[in-house]
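Printed here is entry.txt (compact mmCIF, C-alpha atoms):
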# COMPACT_ATOMS: atom_id res chain seq x y z
CA MET A 1 0.00 0.00 0.00
CA ILE A 2 1.20 3.50 -0.83
CA ALA A 3 1.96 5.26 2.42
CA ARG A 4 2.08 8.88 1.24
CA PHE A 5 -0.19 10.90 -1.04
CA ASP A 6 0.96 14.29 -2.28
CA PHE A 7 -1.38 16.90 -3.74
CA ALA A 8 0.09 18.08 -7.04
CA PRO A 9 0.44 21.79 -7.83
CA LEU A 10 -1.83 23.13 -10.58
CA ASP A 11 -0.96 26.73 -11.29
CA GLY A 12 -4.10 28.85 -11.29
CA ILE A 13 -6.15 26.42 -9.19
CA THR A 14 -4.35 24.94 -6.17
CA LYS A 15 -3.32 28.28 -4.75
CA ARG A 16 -3.38 29.16 -1.06
CA VAL A 17 -7.12 29.83 -0.80
CA PHE A 18 -8.01 26.56 -2.51
CA ARG A 19 -5.54 24.50 -0.45
CA GLN A 20 -6.87 25.83 2.83
CA VAL A 21 -10.56 25.31 2.07
CA TRP A 22 -10.03 21.92 0.40
CA HIS A 23 -7.93 20.67 3.32
CA ALA A 24 -10.48 21.78 5.92
CA ARG A 25 -13.38 20.17 4.03
CA PHE A 26 -11.86 16.93 2.74
CA GLY A 27 -8.24 16.28 3.70
CA GLY A 28 -6.40 13.07 2.96
CA ALA A 29 -3.25 14.60 1.50
CA ASP A 30 0.00 14.14 3.38
CA ARG A 31 1.67 17.08 1.64
CA TYR A 32 0.53 19.97 -0.52
CA PHE A 33 2.86 21.19 -3.26
CA VAL A 34 2.78 24.96 -3.72
CA PRO A 35 2.60 26.05 -7.40
CA PHE A 36 6.04 27.11 -8.53
CA ILE A 37 7.90 30.27 -7.81
CA SER A 38 10.35 31.34 -10.51
CA PRO A 39 13.19 33.46 -9.06
CA THR A 40 14.93 36.02 -11.22
CA GLY A 41 18.49 37.25 -11.09
CA GLN A 42 17.39 40.03 -8.74
CA HIS A 43 16.72 37.38 -6.06
CA ILE A 44 13.57 38.89 -4.57
CA LEU A 45 10.28 37.32 -3.60
CA THR A 46 7.37 39.08 -5.26
CA PRO A 47 4.28 39.98 -3.19
CA ARG A 48 2.45 37.23 -5.12
CA ASP A 49 5.06 34.65 -4.10
CA ARG A 50 4.95 35.76 -0.48
CA ARG A 51 1.17 35.40 -0.38
CA GLU A 52 1.41 31.87 -1.75
CA LEU A 53 4.08 30.87 0.72
CA GLU A 54 2.16 32.14 3.73
CA ASN A 55 0.70 29.20 5.62
CA PRO A 56 -1.62 30.38 8.40
CA GLN A 57 -3.20 26.94 8.82
CA GLY A 58 0.15 25.18 9.12
CA LEU A 59 -0.48 22.76 6.25
CA PRO A 60 2.34 20.33 5.39
CA GLN A 61 3.52 22.19 2.28
CA VAL A 62 6.43 21.82 -0.15
CA PRO A 63 7.14 24.84 -2.37
CA GLN A 64 8.07 24.15 -5.97
CA VAL A 65 10.81 26.17 -7.66
CA MET A 66 11.39 26.62 -11.38
CA ALA A 67 14.80 27.98 -12.39
CA LYS A 68 17.20 28.02 -15.32
CA ARG A 69 20.31 28.82 -13.26
CA ALA A 70 21.39 26.72 -10.31
CA ALA A 71 22.35 29.85 -8.37
CA ASP A 72 18.73 31.06 -8.58
CA PHE A 73 17.43 27.76 -7.23
CA VAL A 74 19.97 27.78 -4.38
CA TRP A 75 18.90 31.30 -3.42
CA ALA A 76 15.23 30.28 -3.49
CA ALA A 77 15.87 27.16 -1.40
CA GLU A 78 17.74 29.14 1.24
CA THR A 79 14.97 31.75 1.30
CA LEU A 80 12.41 28.99 1.79
CA ALA A 81 14.48 27.57 4.63
CA ASP A 82 14.47 31.00 6.28
CA LEU A 83 10.66 30.96 6.03
CA GLY A 84 10.58 27.64 7.89
CA TYR A 85 10.19 25.21 5.00
CA LYS A 86 11.97 21.86 5.32
CA GLU A 87 12.12 20.94 1.61
CA ALA A 88 12.28 22.58 -1.80
CA ASN A 89 11.07 20.89 -4.97
CA LEU A 90 12.76 21.41 -8.34
CA ASN A 91 10.27 21.52 -11.22
CA LEU A 92 11.63 19.61 -14.24
CA GLY A 93 8.17 18.62 -15.41
CA CYS A 94 6.32 21.66 -16.76
CA PRO A 95 5.83 21.10 -20.53
CA SER A 96 4.54 24.60 -21.39
CA GLY A 97 6.24 26.04 -24.46
CA THR A 98 6.62 29.45 -22.87
CA VAL A 99 8.44 27.81 -19.96
CA THR A 100 10.65 25.37 -21.87
CA ALA A 101 11.69 28.07 -24.36
CA LYS A 102 13.40 29.78 -21.41
CA GLY A 103 15.22 26.58 -20.49
CA LYS A 104 13.06 26.03 -17.40
CA GLY A 105 10.77 23.19 -16.36
CA SER A 106 11.17 20.20 -18.66
CA GLY A 107 13.41 22.39 -20.83
CA LEU A 108 16.26 21.42 -18.49
CA LEU A 109 15.88 17.79 -19.59
CA ALA A 110 17.07 18.57 -23.12
CA ASP A 111 20.75 18.53 -22.10
CA PRO A 112 21.59 15.85 -19.50
CA ASP A 113 25.16 17.10 -19.13
CA PHE A 114 23.96 20.61 -18.32
CA LEU A 115 21.40 19.13 -15.92
CA ASP A 116 24.20 17.18 -14.22
CA ARG A 117 26.18 20.38 -13.64
CA PHE A 118 23.02 22.16 -12.50
CA LEU A 119 22.26 19.49 -9.90
CA GLU A 120 25.86 19.37 -8.71
CA GLU A 121 25.72 23.08 -7.93
CA VAL A 122 22.29 22.76 -6.33
CA PHE A 123 23.20 19.89 -4.00
CA SER A 124 26.55 21.37 -3.04
CA GLY A 125 24.98 24.74 -2.21
CA THR A 126 21.61 23.91 -0.64
CA LYS A 127 21.21 23.08 3.03
CA ILE A 128 17.62 21.81 3.05
CA PRO A 129 16.49 18.61 1.29
CA VAL A 130 15.70 18.95 -2.41
CA SER A 131 13.14 16.80 -4.23
CA VAL A 132 12.63 16.68 -7.99
CA LYS A 133 9.53 16.40 -10.18
CA THR A 134 10.42 15.26 -13.68
CA ARG A 135 9.25 13.81 -16.97
CA LEU A 136 10.90 11.00 -18.90
CA GLY A 137 12.63 13.31 -21.34
CA TYR A 138 12.46 16.34 -23.56
CA HIS A 139 11.85 14.67 -26.93
CA VAL A 140 11.36 10.90 -26.57
CA PRO A 141 10.99 8.36 -23.73
CA GLU A 142 14.30 6.71 -24.65
CA GLU A 143 16.08 9.68 -23.05
CA PHE A 144 15.08 8.55 -19.57
CA PRO A 145 17.81 5.96 -18.77
CA ARG A 146 20.47 8.65 -19.24
CA LEU A 147 18.49 11.08 -17.08
CA LEU A 148 18.10 8.42 -14.39
CA GLU A 149 21.87 8.01 -14.34
CA VAL A 150 22.15 11.73 -13.63
CA PHE A 151 19.49 11.66 -10.90
CA ASN A 152 21.20 8.72 -9.22
CA ARG A 153 24.31 10.82 -8.64
CA TYR A 154 22.52 13.01 -6.11
CA PRO A 155 20.69 12.57 -2.78
CA ILE A 156 17.26 13.55 -4.08
CA ALA A 157 14.71 13.54 -1.25
CA CYS A 158 12.07 12.12 -3.59
CA LEU A 159 12.00 11.68 -7.37
CA THR A 160 8.45 12.26 -8.61
CA ILE A 161 8.02 10.98 -12.16
CA HIS A 162 5.29 11.82 -14.65
CA PRO A 163 5.86 9.03 -17.22
CA ARG A 164 5.43 11.14 -20.33
CA VAL A 165 7.78 13.36 -22.34
CA ARG A 166 7.37 17.07 -22.95
CA PRO A 167 5.53 16.92 -26.32
CA GLU A 168 2.94 14.50 -24.87
CA LYS A 169 2.00 17.00 -22.16
CA TYR A 170 -0.94 15.26 -20.42
CA ARG A 171 -2.23 13.22 -23.35
CA GLY A 172 -1.83 9.64 -24.49
CA ALA A 173 -0.73 6.56 -22.61
CA VAL A 174 1.87 6.83 -19.87
CA HIS A 175 5.09 4.84 -20.35
CA MET A 176 4.85 2.43 -17.45
CA ASP A 177 7.80 0.36 -18.66
CA LEU A 178 10.12 3.27 -18.01
CA PHE A 179 8.49 4.06 -14.69
CA ALA A 180 9.18 0.42 -13.77
CA LEU A 181 12.83 1.05 -14.65
CA ALA A 182 12.88 3.95 -12.23
CA VAL A 183 11.33 1.88 -9.43
CA ALA A 184 13.90 -0.85 -10.00
CA GLU A 185 17.02 1.27 -10.45
CA SER A 186 16.51 4.60 -8.71
CA LYS A 187 18.80 5.16 -5.74
CA ASN A 188 16.30 7.67 -4.39
CA PRO A 189 12.68 7.30 -3.21
CA VAL A 190 10.24 7.33 -6.13
CA CYS A 191 6.78 8.90 -6.39
CA TYR A 192 4.33 8.27 -9.25
CA ASN A 193 2.37 11.09 -10.88
CA GLY A 194 -0.03 10.89 -13.80
CA ASP A 195 -3.68 10.03 -14.59
CA LEU A 196 -4.66 8.88 -11.10
CA THR A 197 -8.38 9.70 -11.04
CA SER A 198 -9.99 6.85 -9.10
CA VAL A 199 -9.55 4.55 -6.14
CA ALA A 200 -9.42 1.62 -8.55
CA GLY A 201 -6.62 3.25 -10.51
CA VAL A 202 -4.53 3.81 -7.40
CA ARG A 203 -5.13 0.25 -6.20
CA ALA A 204 -3.97 -1.05 -9.60
CA LEU A 205 -0.80 1.04 -9.28
CA GLU A 206 -0.18 -0.39 -5.81
CA ALA A 207 -0.61 -3.92 -7.12
CA GLN A 208 1.84 -3.30 -9.95
CA PHE A 209 4.43 -1.61 -7.72
CA PRO A 210 3.96 -2.92 -4.17
CA GLY A 211 7.10 -1.16 -2.91
CA LEU A 212 6.25 2.26 -4.30
CA ASP A 213 7.05 5.06 -1.87
CA ALA A 214 4.37 7.62 -2.78
CA ALA A 215 1.88 8.90 -5.34
CA MET A 216 1.09 12.46 -6.38
CA ILE A 217 -2.47 13.30 -7.42
CA GLY A 218 -3.68 16.60 -8.84
CA ARG A 219 -6.55 16.77 -11.31
CA GLY A 220 -8.15 13.64 -9.85
CA ALA A 221 -8.40 15.29 -6.43
CA ILE A 222 -9.99 18.40 -7.91
CA ALA A 223 -12.49 16.42 -9.99
CA ASP A 224 -13.33 14.30 -6.92
CA PRO A 225 -12.45 16.31 -3.78
CA ALA A 226 -13.00 13.24 -1.57
CA LEU A 227 -10.64 11.00 -3.59
CA LEU A 228 -7.71 11.11 -1.18
CA ARG A 229 -10.06 10.66 1.76
CA ARG A 230 -11.61 7.65 0.05
CA LEU A 231 -8.17 6.15 -0.53
CA ARG A 232 -7.83 6.09 3.26
CA GLY A 233 -11.17 4.35 3.71
CA GLY A 234 -13.33 7.45 4.13
CA PRO A 235 -16.69 8.23 2.47
CA ALA A 236 -17.43 9.75 -0.91
CA ALA A 237 -18.50 13.38 -1.08
CA THR A 238 -22.22 14.07 -0.64
CA ARG A 239 -24.22 16.71 -2.49
CA GLU A 240 -24.51 18.74 0.72
CA GLU A 241 -20.77 18.51 1.33
CA LEU A 242 -19.92 19.61 -2.20
CA GLN A 243 -22.34 22.52 -1.98
CA ALA A 244 -20.84 23.64 1.32
CA PHE A 245 -17.35 23.34 -0.17
CA THR A 246 -18.08 25.43 -3.27
CA SER A 247 -19.95 28.01 -1.19
CA GLU A 248 -17.07 28.38 1.27
CA LEU A 249 -14.48 28.44 -1.52
CA TYR A 250 -16.37 31.13 -3.45
CA GLN A 251 -16.62 33.29 -0.33
CA ALA A 252 -12.94 32.75 0.46
CA TYR A 253 -12.00 33.88 -3.04
CA GLN A 254 -14.17 36.98 -2.65
CA ASP A 255 -12.48 37.77 0.65
CA PHE A 256 -9.06 37.29 -0.95
CA TYR A 257 -9.71 39.40 -4.07
CA GLY A 258 -12.08 41.89 -2.47
CA GLN A 259 -14.63 41.45 -5.27
CA ALA A 260 -16.83 38.80 -6.84
CA ALA A 261 -15.70 38.92 -10.49
CA PRO A 262 -12.24 37.30 -10.10
CA ALA A 263 -13.71 34.95 -7.48
CA SER A 264 -16.30 33.66 -9.96
CA GLN A 265 -13.59 33.18 -12.58
CA ARG A 266 -11.59 31.02 -10.17
CA MET A 267 -14.67 28.99 -9.37
CA LYS A 268 -15.32 28.36 -13.06
CA GLU A 269 -11.83 26.85 -13.30
CA VAL A 270 -12.62 24.53 -10.38
CA TRP A 271 -15.95 23.55 -11.90
CA PHE A 272 -14.21 22.55 -15.14
CA TYR A 273 -13.13 19.48 -13.17
CA LEU A 274 -15.89 19.22 -10.56
CA ILE A 275 -18.74 18.98 -13.08
CA HIS A 276 -17.70 15.40 -13.88
CA LEU A 277 -19.13 14.27 -10.54
CA PHE A 278 -22.64 14.91 -11.88
CA GLU A 279 -24.80 12.96 -14.31
CA ASN A 280 -25.16 14.69 -17.67
CA GLY A 281 -23.07 17.59 -16.44
CA GLY A 282 -21.70 18.51 -19.86
CA ARG A 283 -24.51 20.87 -20.82
CA LEU A 284 -24.40 23.03 -17.70
CA GLY A 285 -20.62 22.71 -17.53
CA GLY A 286 -20.35 24.13 -21.03
CA ARG A 287 -22.70 26.97 -20.19
CA MET A 288 -20.63 27.78 -17.11
CA ARG A 289 -17.41 27.92 -19.13
CA ARG A 290 -19.03 30.39 -21.53
CA SER A 291 -20.73 32.47 -18.81
CA ARG A 292 -19.65 35.99 -17.90
CA GLY A 293 -19.78 37.58 -14.49
CA PRO A 294 -20.62 36.55 -10.91
CA ARG A 295 -24.41 36.53 -11.31
CA ALA A 296 -24.32 34.08 -14.23
CA TYR A 297 -21.88 31.89 -12.31
CA GLU A 298 -24.04 31.86 -9.18
CA GLU A 299 -27.20 31.00 -11.13
CA LEU A 300 -25.51 28.13 -12.96
CA GLU A 301 -24.01 26.66 -9.81
CA ALA A 302 -27.42 26.75 -8.13
CA GLN A 303 -28.92 25.03 -11.19
CA ILE A 304 -26.29 22.28 -11.05
CA PHE A 305 -27.11 21.42 -7.46
CA GLN A 306 -30.86 21.67 -8.05
CA GLU A 307 -31.12 19.67 -11.26
CA LEU A 308 -28.21 17.23 -11.57
CA ALA A 309 -27.78 13.96 -9.71
CA LEU A 310 -24.44 12.86 -8.38
CA LEU A 311 -22.93 9.86 -10.13
CA ASP A 312 -23.03 6.65 -8.11
CA ALA A 313 -19.28 6.44 -8.67
CA PRO A 314 -17.05 9.36 -9.67
CA GLN A 315 -16.14 9.45 -13.35
CA GLY A 316 -13.26 7.13 -14.08
CA GLU A 317 -14.70 4.37 -11.88
CA LEU A 318 -17.82 3.53 -13.88
CA ALA A 319 -16.15 0.90 -16.05
Write-out of the structure in structure tokens:
Amino acid sequence: MIARFDFAPLDGITKRVFRQVWHARFGGADRYFVPFISPTGQHILTPRDRRELENPQGLPQVPQVMAKRAADFVWAAETLADLGYKEANLNLGCPSGTVTAKGKGSGLLADPDFLDRFLEEVFSGTKIPVSVKTRLGYHVPEEFPRLLEVFNRYPIACLTIHPRVRPEKYRGAVHMDLFALAVAESKNPVCYNGDLTSVAGVRALEAQFPGLDAAMIGRGAIADPALLRRLRGGPAATREELQAFTSELYQAYQDFYGQAAPASQRMKEVWFYLIHLFENGGRLGGRMRRSRGPRAYEELEAQIFQELALLDAPQGELA
């Protein structure tokens, strides 16, 4: 059985407000990964970064850092240590073209020799533990054995692997043969990330890799907020619980932004995933995506709870 479940960072959704409300309502995550900060050569934390790193509820959080230069990552890690964090996570997984064009995220995977030098500087200059979230390669999966050789040179706190390459983004089948290679040959603890959307899917992963250290779940825990709780034997989310969650989250966003318009936009992004808990949710989900303004959002959310039935099993478990 997997002992640890991490909540993946989704930039734009799993920000501080969401993490706090989700944790209070559902829980089940052992650690919450904070969407990445990207330090510049000026080595300053922006007000936005500081807000994200604040942790009034004391959640078990791990900040993620995206950097092109090792010196920038080292500075960020030391700054995080000064703020009380016990671990920094290096993002080598982001496949966005605007990110990789700058040599950040999975862009660092394109040159294993450069990555080797980068990690050498990071691990020789950083005092707190460093974990890594990576993909299998920049172009093709066959790049991964060389990358694993590089990772094995360093005391990585945990190597989280999304078994796709950059061009695949989040589409197509994951390459489980290469993830199996990592489980067998990694000198560091390994965490699986990718397409975990149901209890059955996680149980299948556990059966395939009985010694796996951890799993990271992101979109699945947004689409089914009770997923991590259910993995620990807890109940599925009820209609009343979901309605209380979305109501509290909407109010928390309004308190954070000071107005309803940006709060409703954030809620629409959450509902892009959440609508899949409801039977025949596509019609109202589409209308919500196209809606404009807080009033339209509020009316559509009320209609969802009034008219749509919850699925007997969250989507992904019906087969």
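Taking atom CA of A:Asp30 and atom CA of A:Ala3 as the two end points, the separation is 9.1 Å.
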Give me the residues within 9 Å of A:Val199 as number ranges by chain, counting all atoms listed in the file and dropping any in the same chain fewer than 6 places off. A: 227-228, 230-231, 317
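Atom pair atom CA of A:Thr197 / atom CA of A:Ala237: separated by 14.7 Å.
Summary of the local environment: counting all atoms listed in the file, residues at most 10 Å from A:Glu149, other than itself and those fewer than 2 positions away along its chain, are Pro112, Asp116, Phe144, Pro145, Arg146, Leu147, Phe151, Asn152, Arg153, Tyr154, Glu185, Ser186 and Lys187 of chain A.
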Assuming 6 Å of padding per side, give the centre and edge lengths of the axis-aligned box around every listed atom of stretch 239-254 of chain A, in Å to one decimal and as AutoDock Vina command-line options.
--center_x -18.3 --center_y 26.8 --center_z -1.1 --size_x 24.5 --size_y 32.3 --size_z 16.8
Using atom CA of A:Gly103 and atom CA of A:Arg69 as the two end points, give the distance in Å to one decimal.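 Separation of atom CA of A:Gly103 and atom CA of A:Arg69: 9.1 Å.
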